[in-house]
$ cat upload_25.pdb   # PDB, C-alpha atoms and all ligand atoms
ATOM      1  CA  MET A   1     -55.001  67.289 -11.398
ATOM      2  CA  VAL A   2     -56.299  70.076  -9.344
ATOM      3  CA  ARG A   3     -59.390  71.301 -10.983
ATOM      4  CA  PRO A   4     -60.790  74.560  -9.814
ATOM      5  CA  GLU A   5     -64.017  73.954  -8.093
ATOM      6  CA  GLY A   6     -66.847  75.294 -10.112
ATOM      7  CA  VAL A   7     -65.263  74.539 -13.436
ATOM      8  CA  SER A   8     -67.206  71.722 -14.859
ATOM      9  CA  VAL A   9     -65.633  69.137 -16.997
ATOM     10  CA  SER A  10     -66.492  69.864 -20.530
ATOM     11  CA  GLY A  11     -69.098  67.581 -21.829
ATOM     12  CA  ALA A  12     -69.135  65.452 -18.748
ATOM     13  CA  ASP A  13     -72.456  63.959 -17.982
ATOM     14  CA  PRO A  14     -73.262  62.769 -14.492
ATOM     15  CA  GLN A  15     -72.198  59.254 -15.204
ATOM     16  CA  ASN A  16     -68.907  60.464 -16.511
ATOM     17  CA  ARG A  17     -68.368  62.505 -13.443
ATOM     18  CA  VAL A  18     -69.207  59.565 -11.316
ATOM     19  CA  SER A  19     -66.865  57.424 -13.279
ATOM     20  CA  ARG A  20     -64.120  59.964 -12.935
ATOM     21  CA  ARG A  21     -64.610  60.024  -9.251
ATOM     22  CA  LEU A  22     -64.581  56.297  -8.932
ATOM     23  CA  LEU A  23     -61.542  55.822 -11.084
ATOM     24  CA  LEU A  24     -59.628  58.470  -9.277
ATOM     25  CA  GLY A  25     -60.496  56.824  -6.065
ATOM     26  CA  VAL A  26     -59.585  53.373  -7.150
ATOM     27  CA  GLY A  27     -56.396  54.105  -8.896
ATOM     28  CA  GLY A  28     -55.398  57.423  -7.563
ATOM     29  CA  VAL A  29     -54.598  58.025 -11.161
ATOM     30  CA  LEU A  30     -55.247  61.024 -13.223
ATOM     31  CA  LEU A  31     -58.211  60.624 -15.225
ATOM     32  CA  LEU A  32     -58.025  61.783 -18.705
ATOM     33  CA  GLY A  33     -61.501  61.623 -19.982
ATOM     34  CA  GLY A  34     -63.135  58.997 -22.034
ATOM     35  CA  CYS A  35     -63.537  56.884 -18.970
ATOM     36  CA  ALA A  36     -67.101  56.321 -19.562
ATOM     37  CA  ASP A  37     -67.050  53.412 -17.308
ATOM     38  CA  ARG A  38     -69.989  52.116 -16.209
ATOM     39  CA  SER A  39     -69.772  51.886 -12.616
ATOM     40  CA  LYS A  40     -73.127  51.624 -11.153
ATOM     41  CA  SER A  41     -71.658  52.057  -7.768
ATOM     42  CA  ALA A  42     -71.647  55.734  -7.914
ATOM     43  CA  VAL A  43     -72.201  58.639  -5.821
ATOM     44  CA  GLY A  44     -75.018  57.202  -3.893
ATOM     45  CA  THR A  45     -74.059  53.683  -3.219
ATOM     46  CA  GLY A  46     -70.729  54.018  -1.590
ATOM     47  CA  GLY A  47     -69.311  51.468  -3.924
ATOM     48  CA  ALA A  48     -67.602  48.833  -1.926
ATOM     49  CA  THR A  49     -69.866  46.639   0.005
ATOM     50  CA  GLY A  50     -68.984  46.189   3.553
ATOM     51  CA  GLY A  51     -66.400  48.868   3.335
ATOM     52  CA  PRO A  52     -62.694  48.357   3.266
ATOM     53  CA  THR A  53     -61.047  49.369   6.429
ATOM     54  CA  GLY A  54     -58.214  51.783   6.252
ATOM     55  CA  ALA A  55     -58.888  52.661   2.670
ATOM     56  CA  GLY A  56     -61.101  55.596   3.099
ATOM     57  CA  PRO A  57     -61.208  58.782   1.146
ATOM     58  CA  THR A  58     -58.061  60.740   0.827
ATOM     59  CA  LEU A  59     -58.065  64.197   2.266
ATOM     60  CA  PRO A  60     -58.685  67.032  -0.083
ATOM     61  CA  GLN A  61     -55.612  68.598  -1.511
ATOM     62  CA  PRO A  62     -55.101  72.314  -1.291
ATOM     63  CA  ARG A  63     -56.436  73.881  -4.390
ATOM     64  CA  GLY A  64     -55.014  76.767  -6.284
ATOM     65  CA  GLY A  65     -58.153  77.483  -8.153
ATOM     66  CA  ALA A  66     -61.398  79.081  -7.346
ATOM     67  CA  PRO A  67     -61.877  80.268  -3.809
ATOM     68  CA  PHE A  68     -64.431  78.771  -1.576
ATOM     69  CA  PRO A  69     -67.510  80.885  -1.448
ATOM     70  CA  GLY A  70     -67.684  83.235   1.425
ATOM     71  CA  GLY A  71     -71.067  83.901   2.794
ATOM     72  CA  ASP A  72     -73.924  84.923   0.643
ATOM     73  CA  PRO A  73     -73.946  88.684   0.643
ATOM     74  CA  ALA A  74     -76.655  89.229  -1.890
ATOM     75  CA  ASP A  75     -77.495  85.789  -3.127
ATOM     76  CA  THR A  76     -75.878  86.762  -6.371
ATOM     77  CA  SER A  77     -72.539  85.081  -6.144
ATOM     78  CA  THR A  78     -71.721  82.308  -8.472
ATOM     79  CA  ALA A  79     -69.339  80.806  -6.018
ATOM     80  CA  PRO A  80     -69.070  77.067  -5.941
ATOM     81  CA  GLY A  81     -70.745  75.050  -3.299
ATOM     82  CA  ASP A  82     -69.814  71.946  -1.447
ATOM     83  CA  SER A  83     -68.907  69.255  -3.865
ATOM     84  CA  HIS A  84     -65.883  67.271  -2.893
ATOM     85  CA  THR A  85     -62.771  68.941  -4.082
ATOM     86  CA  ASN A  86     -60.709  65.896  -4.832
ATOM     87  CA  ASP A  87     -62.938  63.439  -6.545
ATOM     88  CA  SER A  88     -62.448  61.276  -3.525
ATOM     89  CA  PRO A  89     -63.311  57.619  -3.714
ATOM     90  CA  PRO A  90     -66.545  56.313  -2.367
ATOM     91  CA  PRO A  91     -66.725  56.522   1.375
ATOM     92  CA  ASP A  92     -66.322  53.363   3.345
ATOM     93  CA  ASN A  93     -68.951  53.647   6.012
ATOM     94  CA  THR A  94     -71.649  52.446   3.724
ATOM     95  CA  PRO A  95     -74.658  50.933   5.357
ATOM     96  CA  PRO A  96     -75.742  47.643   3.867
ATOM     97  CA  PRO A  97     -79.056  47.979   2.083
ATOM     98  CA  GLY A  98     -81.840  47.973   4.557
ATOM     99  CA  ALA A  99     -79.538  48.365   7.497
ATOM    100  CA  THR A 100     -81.224  49.032  10.729
ATOM    101  CA  GLY A 101     -80.084  50.050  14.098
ATOM    102  CA  VAL A 102     -78.569  53.041  15.715
ATOM    103  CA  ASP A 103     -76.580  55.492  13.725
ATOM    104  CA  PRO A 104     -73.009  54.753  14.704
ATOM    105  CA  ALA A 105     -70.387  57.414  15.022
ATOM    106  CA  PRO A 106     -68.035  57.388  12.057
ATOM    107  CA  PRO A 107     -64.632  55.878  12.664
ATOM    108  CA  PRO A 108     -62.018  58.303  13.968
ATOM    109  CA  GLY A 109     -60.636  60.521  11.270
ATOM    110  CA  LYS A 110     -63.617  60.136   8.985
ATOM    111  CA  PRO A 111     -66.830  62.047   8.519
ATOM    112  CA  GLN A 112     -70.230  60.468   8.245
ATOM    113  CA  PHE A 113     -71.290  59.824   4.660
ATOM    114  CA  TYR A 114     -74.444  57.832   5.335
ATOM    115  CA  ILE A 115     -77.193  57.438   7.831
ATOM    116  CA  HIS A 116     -78.118  54.071   9.268
ATOM    117  CA  GLU A 117     -81.743  54.438  10.143
ATOM    118  CA  GLY A 118     -83.269  51.486   8.408
ATOM    119  CA  ASP A 119     -84.665  50.563   5.042
ATOM    120  CA  LYS A 120     -85.461  53.492   2.774
ATOM    121  CA  ALA A 121     -84.320  56.070   5.308
ATOM    122  CA  ILE A 122     -82.420  58.949   3.729
ATOM    123  CA  ALA A 123     -81.383  62.437   4.764
ATOM    124  CA  LEU A 124     -81.592  65.777   3.016
ATOM    125  CA  THR A 125     -79.014  68.451   3.776
ATOM    126  CA  ILE A 126     -79.259  72.058   2.621
ATOM    127  CA  ASP A 127     -76.025  74.060   2.708
ATOM    128  CA  ASP A 128     -74.653  77.589   2.692
ATOM    129  CA  GLY A 129     -77.691  79.536   3.869
ATOM    130  CA  PRO A 130     -79.660  80.933   5.292
ATOM    131  CA  SER A 131     -80.608  83.005   2.297
ATOM    132  CA  GLY A 132     -83.314  85.627   2.414
ATOM    133  CA  LYS A 133     -84.449  84.595  -1.032
ATOM    134  CA  TYR A 134     -84.159  80.818  -1.169
ATOM    135  CA  THR A 135     -84.433  79.511   2.380
ATOM    136  CA  PRO A 136     -88.122  80.457   2.664
ATOM    137  CA  GLN A 137     -88.810  78.705  -0.639
ATOM    138  CA  VAL A 138     -87.065  75.559   0.564
ATOM    139  CA  LEU A 139     -88.904  75.724   3.878
ATOM    140  CA  ALA A 140     -92.215  75.929   2.072
ATOM    141  CA  LEU A 141     -91.435  72.811   0.039
ATOM    142  CA  LEU A 142     -90.293  70.894   3.105
ATOM    143  CA  ALA A 143     -93.502  71.869   4.868
ATOM    144  CA  GLN A 144     -95.574  70.872   1.857
ATOM    145  CA  TYR A 145     -94.096  67.384   1.848
ATOM    146  CA  LYS A 146     -93.605  67.137   5.621
ATOM    147  CA  ILE A 147     -89.914  66.450   5.222
ATOM    148  CA  PRO A 148     -87.409  67.094   8.000
ATOM    149  CA  ALA A 149     -84.060  68.345   6.759
ATOM    150  CA  THR A 150     -80.701  69.445   8.051
ATOM    151  CA  PHE A 151     -79.545  72.953   7.204
ATOM    152  CA  CYS A 152     -75.771  73.370   7.279
ATOM    153  CA  MET A 153     -75.586  77.083   7.895
ATOM    154  CA  ILE A 154     -72.770  79.543   7.420
ATOM    155  CA  GLY A 155     -72.372  81.621  10.550
ATOM    156  CA  SER A 156     -72.083  84.964   8.791
ATOM    157  CA  ASN A 157     -75.355  84.287   6.991
ATOM    158  CA  ALA A 158     -76.998  83.158  10.202
ATOM    159  CA  ALA A 159     -75.969  86.419  11.830
ATOM    160  CA  LYS A 160     -77.511  88.385   8.965
ATOM    161  CA  HIS A 161     -80.691  86.345   8.809
ATOM    162  CA  ALA A 162     -81.326  85.501  12.434
ATOM    163  CA  SER A 163     -85.069  85.350  11.910
ATOM    164  CA  LEU A 164     -84.607  82.637   9.305
ATOM    165  CA  VAL A 165     -82.483  80.626  11.710
ATOM    166  CA  ALA A 166     -85.343  80.823  14.169
ATOM    167  CA  GLU A 167     -87.831  79.904  11.473
ATOM    168  CA  VAL A 168     -85.856  76.852  10.409
ATOM    169  CA  THR A 169     -85.570  75.777  14.032
ATOM    170  CA  ALA A 170     -89.247  76.325  14.722
ATOM    171  CA  ALA A 171     -90.133  74.185  11.718
ATOM    172  CA  GLY A 172     -88.328  71.273  13.339
ATOM    173  CA  HIS A 173     -85.323  71.114  11.065
ATOM    174  CA  GLN A 174     -81.867  70.432  12.327
ATOM    175  CA  ILE A 175     -79.146  73.035  11.957
ATOM    176  CA  ALA A 176     -75.515  72.057  11.533
ATOM    177  CA  ASN A 177     -72.429  74.226  11.810
ATOM    178  CA  HIS A 178     -70.846  75.002   8.418
ATOM    179  CA  THR A 179     -68.158  77.541   9.484
ATOM    180  CA  PHE A 180     -68.498  81.302   9.696
ATOM    181  CA  THR A 181     -66.915  82.333   6.385
ATOM    182  CA  HIS A 182     -66.898  79.078   4.399
ATOM    183  CA  PRO A 183     -63.123  78.833   4.001
ATOM    184  CA  ASN A 184     -61.066  75.884   2.848
ATOM    185  CA  LEU A 185     -60.365  74.416   6.254
ATOM    186  CA  ALA A 186     -57.576  72.231   4.909
ATOM    187  CA  LYS A 187     -55.537  75.417   4.712
ATOM    188  CA  LEU A 188     -56.247  76.603   8.253
ATOM    189  CA  ASP A 189     -54.580  75.708  11.520
ATOM    190  CA  ALA A 190     -56.478  74.385  14.491
ATOM    191  CA  GLY A 191     -56.903  77.794  16.082
ATOM    192  CA  ALA A 192     -58.459  79.305  12.990
ATOM    193  CA  ILE A 193     -60.672  76.265  12.476
ATOM    194  CA  ARG A 194     -61.878  76.470  16.043
ATOM    195  CA  SER A 195     -62.639  80.156  15.670
ATOM    196  CA  GLU A 196     -64.679  79.520  12.508
ATOM    197  CA  ILE A 197     -66.724  76.901  14.281
ATOM    198  CA  GLU A 198     -67.179  78.682  17.594
ATOM    199  CA  ARG A 199     -68.258  81.943  15.969
ATOM    200  CA  THR A 200     -70.850  80.024  14.009
ATOM    201  CA  THR A 201     -72.260  78.193  16.985
ATOM    202  CA  ASP A 202     -72.429  81.540  18.737
ATOM    203  CA  ALA A 203     -74.354  83.122  15.844
ATOM    204  CA  LEU A 204     -76.721  80.183  15.623
ATOM    205  CA  THR A 205     -77.535  80.035  19.304
ATOM    206  CA  LYS A 206     -77.965  83.791  19.493
ATOM    207  CA  ALA A 207     -80.529  83.440  16.724
ATOM    208  CA  GLY A 208     -82.420  80.834  18.712
ATOM    209  CA  ALA A 209     -81.013  77.565  17.392
ATOM    210  CA  LYS A 210     -79.894  74.754  19.611
ATOM    211  CA  PRO A 211     -76.119  74.281  19.793
ATOM    212  CA  PRO A 212     -75.355  72.144  16.736
ATOM    213  CA  THR A 213     -74.262  68.564  17.145
ATOM    214  CA  PHE A 214     -73.034  68.205  13.564
ATOM    215  CA  PHE A 215     -70.353  70.005  11.629
ATOM    216  CA  ARG A 216     -69.874  69.993   7.873
ATOM    217  CA  ALA A 217     -66.602  71.155   6.334
ATOM    218  CA  PRO A 218     -67.015  73.429   3.312
ATOM    219  CA  GLY A 219     -66.288  71.474   0.168
ATOM    220  CA  GLY A 220     -65.750  68.350   2.238
ATOM    221  CA  ALA A 221     -62.254  69.642   2.956
ATOM    222  CA  TRP A 222     -61.533  67.587   6.028
ATOM    223  CA  SER A 223     -58.149  67.479   7.692
ATOM    224  CA  PRO A 224     -56.734  65.927  10.855
ATOM    225  CA  ALA A 225     -56.950  69.345  12.490
ATOM    226  CA  VAL A 226     -60.626  69.631  11.584
ATOM    227  CA  PHE A 227     -61.358  66.253  13.141
ATOM    228  CA  ASP A 228     -59.381  67.213  16.246
ATOM    229  CA  VAL A 229     -61.335  70.419  16.709
ATOM    230  CA  CYS A 230     -64.628  68.644  16.096
ATOM    231  CA  GLY A 231     -63.682  66.211  18.816
ATOM    232  CA  GLN A 232     -62.810  68.995  21.215
ATOM    233  CA  LEU A 233     -66.123  70.714  20.534
ATOM    234  CA  ALA A 234     -68.172  67.496  20.586
ATOM    235  CA  LEU A 235     -69.264  67.983  16.985
ATOM    236  CA  ARG A 236     -69.821  65.065  14.657
ATOM    237  CA  PRO A 237     -68.295  65.493  11.188
ATOM    238  CA  LEU A 238     -71.016  65.186   8.572
ATOM    239  CA  ASP A 239     -70.346  64.648   4.891
ATOM    240  CA  TRP A 240     -72.695  63.476   2.139
ATOM    241  CA  SER A 241     -73.098  60.722  -0.416
ATOM    242  CA  VAL A 242     -75.320  62.108  -3.172
ATOM    243  CA  ASP A 243     -74.125  65.284  -4.830
ATOM    244  CA  PRO A 244     -75.846  66.628  -7.937
ATOM    245  CA  ARG A 245     -73.592  69.714  -7.849
ATOM    246  CA  ASP A 246     -76.657  71.877  -7.787
ATOM    247  CA  TRP A 247     -74.494  74.898  -6.958
ATOM    248  CA  SER A 248     -73.027  74.755 -10.462
ATOM    249  CA  ARG A 249     -76.498  75.212 -11.916
ATOM    250  CA  PRO A 250     -76.308  72.213 -14.201
ATOM    251  CA  GLY A 251     -80.002  72.392 -15.021
ATOM    252  CA  THR A 252     -82.990  71.379 -12.976
ATOM    253  CA  ASP A 253     -83.425  68.102 -14.802
ATOM    254  CA  HIS A 254     -79.790  67.196 -14.256
ATOM    255  CA  ILE A 255     -80.166  67.742 -10.531
ATOM    256  CA  VAL A 256     -83.329  65.661 -10.412
ATOM    257  CA  THR A 257     -81.877  62.864 -12.514
ATOM    258  CA  THR A 258     -78.704  62.688 -10.462
ATOM    259  CA  VAL A 259     -80.547  62.566  -7.165
ATOM    260  CA  MET A 260     -83.029  59.984  -8.355
ATOM    261  CA  GLY A 261     -80.323  57.881  -9.959
ATOM    262  CA  HIS A 262     -77.985  57.771  -7.002
ATOM    263  CA  THR A 263     -80.153  57.784  -3.909
ATOM    264  CA  HIS A 264     -80.317  54.556  -1.940
ATOM    265  CA  THR A 265     -81.087  53.580   1.609
ATOM    266  CA  GLY A 266     -78.782  55.565   3.869
ATOM    267  CA  SER A 267     -77.970  58.310   1.374
ATOM    268  CA  ILE A 268     -77.258  61.815   2.545
ATOM    269  CA  ILE A 269     -78.270  64.192  -0.245
ATOM    270  CA  LEU A 270     -76.497  67.529  -0.670
ATOM    271  CA  GLU A 271     -78.309  70.645  -1.895
ATOM    272  CA  HIS A 272     -77.717  74.376  -1.442
ATOM    273  CA  ASP A 273     -79.986  77.264  -0.516
ATOM    274  CA  GLY A 274     -77.205  79.854  -0.302
ATOM    275  CA  GLY A 275     -74.118  81.026  -2.132
ATOM    276  CA  GLY A 276     -75.712  82.150  -5.362
ATOM    277  CA  ASP A 277     -78.682  81.669  -7.626
ATOM    278  CA  ARG A 278     -80.391  78.572  -6.267
ATOM    279  CA  SER A 279     -83.533  78.731  -8.357
ATOM    280  CA  GLN A 280     -82.604  75.461 -10.077
ATOM    281  CA  THR A 281     -82.200  73.809  -6.688
ATOM    282  CA  VAL A 282     -85.636  74.942  -5.592
ATOM    283  CA  ALA A 283     -87.169  73.752  -8.841
ATOM    284  CA  ALA A 284     -85.378  70.429  -8.515
ATOM    285  CA  LEU A 285     -86.539  69.936  -4.931
ATOM    286  CA  GLN A 286     -90.087  70.528  -6.086
ATOM    287  CA  LYS A 287     -89.629  67.652  -8.503
ATOM    288  CA  PHE A 288     -87.526  65.091  -6.690
ATOM    289  CA  LEU A 289     -88.934  65.329  -3.165
ATOM    290  CA  PRO A 290     -92.302  63.874  -4.179
ATOM    291  CA  GLN A 291     -90.557  61.380  -6.442
ATOM    292  CA  LEU A 292     -88.430  60.096  -3.561
ATOM    293  CA  LEU A 293     -91.494  59.826  -1.343
ATOM    294  CA  ALA A 294     -93.336  57.956  -4.081
ATOM    295  CA  ALA A 295     -90.360  55.604  -4.335
ATOM    296  CA  GLY A 296     -90.858  54.683  -0.706
ATOM    297  CA  TYR A 297     -88.129  56.730   0.906
ATOM    298  CA  HIS A 298     -88.611  58.609   4.130
ATOM    299  CA  PHE A 299     -86.464  61.403   5.448
ATOM    300  CA  VAL A 300     -84.691  61.476   8.769
ATOM    301  CA  GLN A 301     -82.155  63.786  10.329
ATOM    302  CA  PRO A 302     -78.680  62.443  11.058
TER
HETATM  303 ZN    ZN A 401     -70.891  74.939   1.841
END
$ encode --input "upload_25.pdb" --output "structure tokens"
Amino acid sequence: MVRPEGVSVSGADPQNRVSRRLLLGVGGVLLLGGCADRSKSAVGTGGATGGPTGAGPTLPQPRGGAPFPGGDPADTSTAPGDSHTNDSPPPDNTPPPGATGVDPAPPPGKPQFYIHEGDKAIALTIDDGPSGKYTPQVLALLAQYKIPATFCMIGSNAAKHASLVAEVTAAGHQIANHTFTHPNLAKLDAGAIRSEIERTTDALTKAGAKPPTFFRAPGGAWSPAVFDVCGQLALRPLDWSVDPRDWSRPGTDHIVTTVMGHTHTGSIILEHDGGGDRSQTVAALQKFLPQLLAAGYHFVQP
């Protein structure tokens, strides 16, 4: 069942993908296509209301397929981005619609999939940069619409583009730690995980960013060791709940449609400004950011 990341399912439309994900989660069963089910509870809703306890997402399995992208040397890679690697079931820390109150820490051993900042509050996360080509374009759009975002930066890219780290910080955006080389952390021991994270925090702070308070695992590949190290370093594990797989360049309209179709109060939207050609992402942001604002959403940082 291991499907190399970056290989899209032939003919799968977003709903199919969502259905696949849901069915896999529910049954833990291999999904053999044709499951055009119907679930409306998809990527953005978290599915179960109230959230079952102890039935959270399974941890990603080691994959034998495509490697995780490493850095963004020339913005030309076609490496996959951060979609979940295991078609994990909907996360269980779903906020009820319109939930208000403080943003609670996720339960031990789980990342945060949602924010809890009140009705129509959502978060935008931008991963795998900074990129000399795309980060400035994303920054310009965020400034145009006065939207605060969270950039999950790769340390090696931050070291190469220190001025962009400073620019993102100066614009008021949050920066999260996204490892130094973007490896599959599920395959690394605690020492290697810690090194990836510490080197990144070092690169970010040297470039003028505040020490991050959030950490995002590449590909959502969480493991007990990752959670342990996050705890030791006082980093909060941050996942996402709306994933249009923009890194796979599915078409601007597909990205827009997926985001608009799956975003709800509390959603954390995943996009990418690094790791390859992100022109579709930029074009999609230009379309869906004003649409989300027009739909009454407002953006907050986790
Ligand atoms: Zn990533």
$ closest_residue --input "upload_25.pdb" --among "A:Gln174, A:Gln137, A:Thr179, A:Thr258" --to "ligand ZN 401 (chain A)" --atoms "only C-alpha atoms and all ligand atoms"
A:Thr179
$ residues_near_point --input "upload_25.pdb" --point "(-74.9, 86.9, 10.4)" --cutoff "12 Å" --atoms "all atoms listed in the file" --output "PyMOL selection string"
chain A and resi 71-73+129-132+153-165+179-181+199-207
$ residues_near_ligand --input "upload_25.pdb" --ligand "ligand ZN 401 (chain A)" --cutoff "8 Å" --atoms "all atoms listed in the file" --output "PDB file with C-alpha atoms, keeping the file's coordinate frame"
ATOM      1  CA  PRO A  69     -67.510  80.885  -1.448  1.00  0.00           C
ATOM      2  CA  GLY A  81     -70.745  75.050  -3.299  1.00  0.00           C
ATOM      3  CA  ASP A  82     -69.814  71.946  -1.447  1.00  0.00           C
ATOM      4  CA  ASP A 127     -76.025  74.060   2.708  1.00  0.00           C
ATOM      5  CA  ASP A 128     -74.653  77.589   2.692  1.00  0.00           C
ATOM      6  CA  CYS A 152     -75.771  73.370   7.279  1.00  0.00           C
ATOM      7  CA  MET A 153     -75.586  77.083   7.895  1.00  0.00           C
ATOM      8  CA  ILE A 154     -72.770  79.543   7.420  1.00  0.00           C
ATOM      9  CA  HIS A 178     -70.846  75.002   8.418  1.00  0.00           C
ATOM     10  CA  HIS A 182     -66.898  79.078   4.399  1.00  0.00           C
ATOM     11  CA  ARG A 216     -69.874  69.993   7.873  1.00  0.00           C
ATOM     12  CA  ALA A 217     -66.602  71.155   6.334  1.00  0.00           C
ATOM     13  CA  PRO A 218     -67.015  73.429   3.312  1.00  0.00           C
ATOM     14  CA  GLY A 219     -66.288  71.474   0.168  1.00  0.00           C
ATOM     15  CA  HIS A 272     -77.717  74.376  -1.442  1.00  0.00           C
ATOM     16  CA  GLY A 275     -74.118  81.026  -2.132  1.00  0.00           C
TER      17      GLY A 275
END
$ atom_distance --input "upload_25.pdb" --atom1 "atom CA of Leu289 of chain A" --atom2 "atom CA of Pro211 of chain A"
27.8 Å
$ closest_residue --input "upload_25.pdb" --among "A:Phe227, A:Gly274, A:Ala123, A:Lys133" --to "Val259 of chain A" --atoms "all atoms listed in the file"
A:Ala123
$ resolve_selection --input "upload_25.pdb" --expression "the PyMOL selection byres (((chain A and resi 302) around 10) and not hetatm)" --output "number ranges by chain"
A: 103, 112, 114-117, 122-125, 149-150, 174, 213-214, 236, 238, 266, 268, 299-301
$ write_last_selection --input "upload_25.pdb" --atoms "C-alpha atoms" --output "mmCIF file, in the frame of the given file"
data_model
loop_
_atom_site.group_PDB
_atom_site.id
_atom_site.type_symbol
_atom_site.label_atom_id
_atom_site.label_comp_id
_atom_site.auth_asym_id
_atom_site.auth_seq_id
_atom_site.Cartn_x
_atom_site.Cartn_y
_atom_site.Cartn_z
ATOM 1 C CA ASP A 103 -76.580 55.492 13.725
ATOM 2 C CA GLN A 112 -70.230 60.468 8.245
ATOM 3 C CA TYR A 114 -74.444 57.832 5.335
ATOM 4 C CA ILE A 115 -77.193 57.438 7.831
ATOM 5 C CA HIS A 116 -78.118 54.071 9.268
ATOM 6 C CA GLU A 117 -81.743 54.438 10.143
ATOM 7 C CA ILE A 122 -82.420 58.949 3.729
ATOM 8 C CA ALA A 123 -81.383 62.437 4.764
ATOM 9 C CA LEU A 124 -81.592 65.777 3.016
ATOM 10 C CA THR A 125 -79.014 68.451 3.776
ATOM 11 C CA ALA A 149 -84.060 68.345 6.759
ATOM 12 C CA THR A 150 -80.701 69.445 8.051
ATOM 13 C CA GLN A 174 -81.867 70.432 12.327
ATOM 14 C CA THR A 213 -74.262 68.564 17.145
ATOM 15 C CA PHE A 214 -73.034 68.205 13.564
ATOM 16 C CA ARG A 236 -69.821 65.065 14.657
ATOM 17 C CA LEU A 238 -71.016 65.186 8.572
ATOM 18 C CA GLY A 266 -78.782 55.565 3.869
ATOM 19 C CA ILE A 268 -77.258 61.815 2.545
ATOM 20 C CA PHE A 299 -86.464 61.403 5.448
ATOM 21 C CA VAL A 300 -84.691 61.476 8.769
ATOM 22 C CA GLN A 301 -82.155 63.786 10.329
#
$ atom_distance --input "upload_25.pdb" --atom1 "atom CA of Ser195 of chain A" --atom2 "atom CA of Pro111 of chain A"
19.9 Å
$ closest_residue --input "upload_25.pdb" --among "A:Thr169, A:Thr252, A:Asn184, A:Ser241" --to "Ser223 of chain A" --atoms "all atoms listed in the file"
A:Asn184
$ resolve_selection --input "upload_25.pdb" --expression "the PyMOL selection byres (((chain A and resi 265) around 6) and not hetatm)" --output "list in words"
Pro97, Asp119, Lys120, Ala121, Ile122, His264, Gly266 and Ser267 of chain A
$ closest_residue --input "upload_25.pdb" --among "A:Leu141, A:Ala234, A:Ile126, A:Val256" --to "Glu198 of chain A" --atoms "only C-alpha atoms"
A:Ala234
$ resolve_selection --input "upload_25.pdb" --expression "the PyMOL selection byres (((chain A and resi 109) around 10) and not hetatm)" --output "VMD selection string"
chain A and resid 56 106 to 108 110 to 111 222 to 228 231 237
$ atom_distance --input "upload_25.pdb" --atom1 "atom CA of His254 of chain A" --atom2 "atom CA of Ser279 of chain A"
13.5 Å
$ residues_around --input "upload_25.pdb" --residues "Arg278 of chain A" --least-positions-apart "3" --cutoff "8 Å" --atoms "all atoms listed in the file" --output "MDAnalysis selection string"
chainID A and resid 134 246:247 249 272:275 281:282
$ write_last_selection --input "upload_25.pdb" --atoms "C-alpha atoms" --output "PDB file, in the frame of the given file"
ATOM      1  CA  TYR A 134     -84.159  80.818  -1.169  1.00  0.00           C
ATOM      2  CA  ASP A 246     -76.657  71.877  -7.787  1.00  0.00           C
ATOM      3  CA  TRP A 247     -74.494  74.898  -6.958  1.00  0.00           C
ATOM      4  CA  ARG A 249     -76.498  75.212 -11.916  1.00  0.00           C
ATOM      5  CA  HIS A 272     -77.717  74.376  -1.442  1.00  0.00           C
ATOM      6  CA  ASP A 273     -79.986  77.264  -0.516  1.00  0.00           C
ATOM      7  CA  GLY A 274     -77.205  79.854  -0.302  1.00  0.00           C
ATOM      8  CA  GLY A 275     -74.118  81.026  -2.132  1.00  0.00           C
ATOM      9  CA  THR A 281     -82.200  73.809  -6.688  1.00  0.00           C
ATOM     10  CA  VAL A 282     -85.636  74.942  -5.592  1.00  0.00           C
TER      11      VAL A 282
END
$ closest_residue --input "upload_25.pdb" --among "A:Pro212, A:Trp240, A:Thr263, A:Thr135" --to "His298 of chain A" --atoms "all atoms listed in the file"
A:Thr263
